[in-house]
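Inspection log for the structure reproduced underneath, given as structure tokens.
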Amino acid sequence: MKSFTTHSGLVGPMDRANVDTDMIIPKQFLKSIKRSGFGPNLFDELRYQDEGFPDQDNSKRPLNMDFPLNWPRYQGASILLARENFGCGSSREHAPWALDDYGFRVVIAPSYADIFYNNCFKNGLLAIVLKEYIVSNLFADMEAQEGYSLTVDLSKQTVTKPDGEQITFEVEAFRKNCLLNGLDEIGLTLQHADAIKAFERDWQEACPWLFGAVK
Amino acid sequence: MAGKTLYDKLWDSHLVKALDDGSVLLYIDRHLLHEVTSPQAFEGLRLADRQPWRIDANLATADHNISTELTERMGGVQAIADPVSRIQVQTLDDNCAEYGIVEHRINDVGQGIVHVIGPEQGATLPGMTVVCGDSHTATHGALGALAHGIGTSEVEHVLASQCLVSQKMKNMLVRVDGSLGEGVTPKDVVLAIIGKIGTAGGTGCAIEFGGEVIRNMSIEGRMTVCNMAIEAGARVGMVAVDEQTIDYVRGRQYAPANEHWDAAVAAWQSLHSDADAVFDMVIELDGRDIEPQVSWGTSPEMVLPVSASVPDPQYIDDPGKQDAAVRALEYMGLKANQPLVDIPVDRVFIGSCTNSRIEDLRAAAAVAEGRTVADSVKQVLIVPGSQAVKKQAEAEGLDKIFIAAGMDWREPGCSMCLAMNADKLGAGEHCASTSNRNFEGRQGNGGRTHLVSPAMAAAAAVAGHFVDVRELMSGAQS
Ligand code: SF4
């Protein structure tokens with residue numbers, strides 16, 4: 001998994017509550033054999049005027065210019081500002097995959113659905129919880145100022161505004177450690193690589209027929 | 001100190017490390033792969049810039065969504081009509097080629113349903129831990145292995161580390177003593193077990209199947225029983241190693257040979273529960289009480305002896321079960337108290353990792369021989385579990401028996417077990433199926449699945465409705 005230490009980037013809005021994972025990535029895209037490539041279909045139904053389907057050339061589709069993330073000023077956004085209960089609904093891991101593939105590294109919202117929140121951390125995406133009024137203030141600041149950027153520092157647990165004001169956020173120590181070191185569950189297991197190798201040596205000695213037969 | 005169960009022994013021998021939170025790292029000897037649950041796992045490896053830990057632990061095959069029609073199959077991957085299926089199969093081919101994983105491709109001699117080819121090739125062996133991104137992996141436990149299904153993220157985990165983070169399950173023993181009557185098969189035994197303990201009866205448990213009936217059962221029969229452990233809620237099903245197990249394994253393609261054979265056999269001798277082992281739960285059945293079974297509802301526990309009638313929900317006490325029965329009868333288009341033998345059959349499916357091995361086909365052919373499919377039956381699909389099973393069946397002339405009876409002899413794959421390919425039920429159609437799940441829509445939207453043994457499925461095909469296969473068997477003799 002990608003590690004996350006600090007990130008500075010343009011802020012983009014998703015200004016509605018209860019955005020569910022089907023809205024983040026509609027079900028027709030789940031047939032894919034990949035976990036990358038979902039970026040062009042992030043928020044597909046809001047983002048385009050037509051209905052999307054897999055393997056289509058999305059660059060030719062008519063954009064919905066009422067959707068703020070399509071506005072020129074938010075192009076290249078890597079920090080998503082969202083409202084409460086973001087990521088509710090189905091447990092699809094495709095939702096954080098799509099956000100990540102689009103280019104988001106951080107989501108800031110007052111609250112998230114549980115599974116989505118977990119899935120973000122499993123996929124190197126930092127989901128920050130800030131109080132509702134703070135998120136509202138950030139929305140106002142972002143709208144008032146084109147090119148509004150924030151700097152996030154995970155080890156210090158701070159979000160720094162352009163004027164230098166720092167907001168602190170909470171994150172569980174275990175999640176923080178995994179993300180800082182780029183440790184996913186596989187990464188954690190691989191921290192025991194020596195133990196696995198030692199086991200494997202003994203096991204091969206005891207049961208040599210279990211090794212090398214299929215080749 | 002109490003002795004160990006078979007599960008305890010397999011668990012202990014694969015323990016790499018105990019972790020702080022009470023889980024352990026368990027070493028995995030064999031990882032089986034197929035096209036549906038592996039693509040994102042390989043993609044994950046690539047994104048994380050990781051290599052598979054041990055290539056020779058993996059074996060792959062294409063089975064879930066390939067066609068069973070010879071004409072479409074002859075064209076290979078390129079000829080797969082459904083583009084989504086084609087891409088999945090192609091992706092498996094590409095991934096296996098890239099990493100050097102042995103794969104039995106769509107028309108290779110070793111191709112077949114993943115749970116059929118593992119034991120058949122000696123790729124799954126006694127004493128192994130075996131995993132696959134498929135819930136019917138417990139099948140391999142019939143050889144005295146610790147085998148269970150895993151999800152896509154775990155497929156990636158095993159590929160990358162050869163380990164799984166695991167939590168120990170409880171020990172459950174299901175003893176089937178006595179003996180089975182004529183016409184009563186392993187499928188009937190496992191359906192009777194599920195009927196007795198329910199689909200949640202084994203939740204959180206590793207089930208060991210034991211007792212005289214299991215001891216006297218062939219290895220293929222034991223696979224049928226272990227296969228459906230998951231339908232009793234248990235991820236793991238297993239049977240102790242005995243002489244039959246060792247005879248079964250001997251000489252298979254990937255089985256130990258030469259100097260390793262004796263050492264392996266010696267090691268396998270201890271793969272049984274100790275006499276003084278203590279199980280958390282013990283369930284007992286008497287084989288003499290088991291009749292051929294037919295499922296009537298939309299859950300595998302909704303199953304009864306063929307002589308019975310569809311239950312009347314008003315006499316079911318548990319309100320949850322009563323409710324479920326009412327809904328099931330509605331979906332299945334059945335009336336309370338209707339004899340099971342009065343249910344007409346539209347299609348018949350003989351196949352799946354539960355019942356597509358040579359013994360299953362022999363049992364079906366024994367019933368089909370000299371008979372023809374009833375006019376009212378639209379289709380009878382006979383889908384061998386692997387290329388090897390197909391070849392063996394053809395060598396024995398079973399294909400000719402099926403074809404003469406008016407049945408379709410197909411190419412190996414999962415087929416109508418889950419209807420990811422063109423083999424599907426139409427809405428409202430009743431199917432006598434040797435597969436393992438009768439969930440709503442499992443075999444096609446609106447389809448109505450009745451789980452039965454291969455012999456019972458063949459009997460239903462010729463009768464046009466469910467029938468006690470034992471009547472046909474005595475008829476054949478007179
Ligand atoms: S035959 Fe059915 S249950 Fe078995 S692996 Fe294939 S789809 Fe799964």
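Ordered as shown in the structure tokens, chains take letters A, B, and onward, while each chain numbers its residues from 1 and ligands are numbered from 1 in the order shown.
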Nearby polymer residues, ligand 1, at most 7 Å, only C-alpha atoms and all ligand atoms, as an MDAnalysis selection string = chainID B and resid 63:64 113:115 134 136 352:354 414 417:418 435:436
Contact residues around region 69-83 of chain A with only C-alpha atoms at 6 Å, ignoring same-chain residues under 3 positions, as a list in words | Gly9, Leu10, Val11, Gly12, Pro13, Met14, Asp15, Arg16, Ala17, Met65, Gly103, Phe104, Arg105, Val106, Val107, Ile108 and Ala109 of chain A
Between B:Ala275, B:Gly149, B:Thr199, B:Leu285, which one has atoms that come closest to Gly211 (chain B), using only C-alpha atoms?
-> B:Leu285
Quick one: residues within 10 Å of region 364-379 of chain B, only C-alpha atoms counted, chain neighbours fewer than 6 positions away excluded, as a PyMOL selection string?
-> chain B and resi 344-350+358+393+397-408+425+429-431+453-465+469-470+472-473+476
Within 12 Å of chain B, which residues of chain A are there when counting only C-alpha atoms? Please give them as number ranges by chain.
-> A: 1-3, 28-37, 54-55, 93-94, 97, 101, 119, 122-124, 182-215
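All residues of protein, DNA or RNA that reach within 10 Å of Gly22 (chain B), judged by only C-alpha atoms and not counting those fewer than 6 positions away in the chain, are B:Ser166, B:Gln167, B:Lys168.
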Give me every alpha helix (DSSP H) residue in region 8-134 of chain B, going by DSSP on the backbone, as a PyMOL selection string.
-> chain B and resi 8-13+39-47+70-74+83-99+114-120
Let's see if you can do this: from backbone DSSP, list all strand (DSSP E or B) residues in region 40-81 of chain A, as an mmCIF file with N, CA, C and O atoms, in the first residue's frame.
data_model
loop_
_atom_site.group_PDB
_atom_site.id
_atom_site.type_symbol
_atom_site.label_atom_id
_atom_site.label_comp_id
_atom_site.auth_asym_id
_atom_site.auth_seq_id
_atom_site.Cartn_x
_atom_site.Cartn_y
_atom_site.Cartn_z
ATOM 1 N N TYR A 48 -21.494 13.080 -15.593
ATOM 2 C CA TYR A 48 -21.781 13.082 -17.029
ATOM 3 C C TYR A 48 -23.280 13.256 -17.254
ATOM 4 O O TYR A 48 -24.097 12.950 -16.393
ATOM 5 N N LEU A 63 -20.128 16.247 -20.415
ATOM 6 C CA LEU A 63 -19.994 16.507 -18.990
ATOM 7 C C LEU A 63 -21.181 17.304 -18.470
ATOM 8 O O LEU A 63 -21.762 18.117 -19.184
ATOM 9 N N ILE A 79 -7.751 16.780 -2.658
ATOM 10 C CA ILE A 79 -8.355 16.695 -1.319
ATOM 11 C C ILE A 79 -9.850 16.908 -1.508
ATOM 12 O O ILE A 79 -10.272 17.946 -2.050
ATOM 13 N N LEU A 80 -10.647 15.929 -1.126
ATOM 14 C CA LEU A 80 -12.088 16.039 -1.329
ATOM 15 C C LEU A 80 -12.755 16.506 -0.042
ATOM 16 O O LEU A 80 -12.587 15.903 1.023
ATOM 17 N N LEU A 81 -13.519 17.557 -0.152
ATOM 18 C CA LEU A 81 -14.263 18.092 0.979
ATOM 19 C C LEU A 81 -15.694 17.568 0.848
ATOM 20 O O LEU A 81 -16.338 17.785 -0.186
#
For Asp280 (chain B), work out the shell of residues within 12 Å, counting only C-alpha atoms and skipping chain neighbours fewer than 5 positions away, then give it as JSON, numbers by chain.
-> {"B": [5, 169, 170, 171, 172, 173, 174, 202, 204, 205, 206, 207, 208]}
Shell of 8 Å around Arg73 (chain B), only C-alpha atoms, local chain residues under 6 positions omitted, as a PyMOL selection string = chain B and resi 66-67+79-80+106-107+411
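One finds CA of Pro52 (chain B) at 22.5 Å from CA of Gln111 (chain B).
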Among A:Val152, A:Cys120, A:Val129, A:Cys88, Arg175 (chain A) is approached most closely, using only C-alpha atoms, by A:Cys120
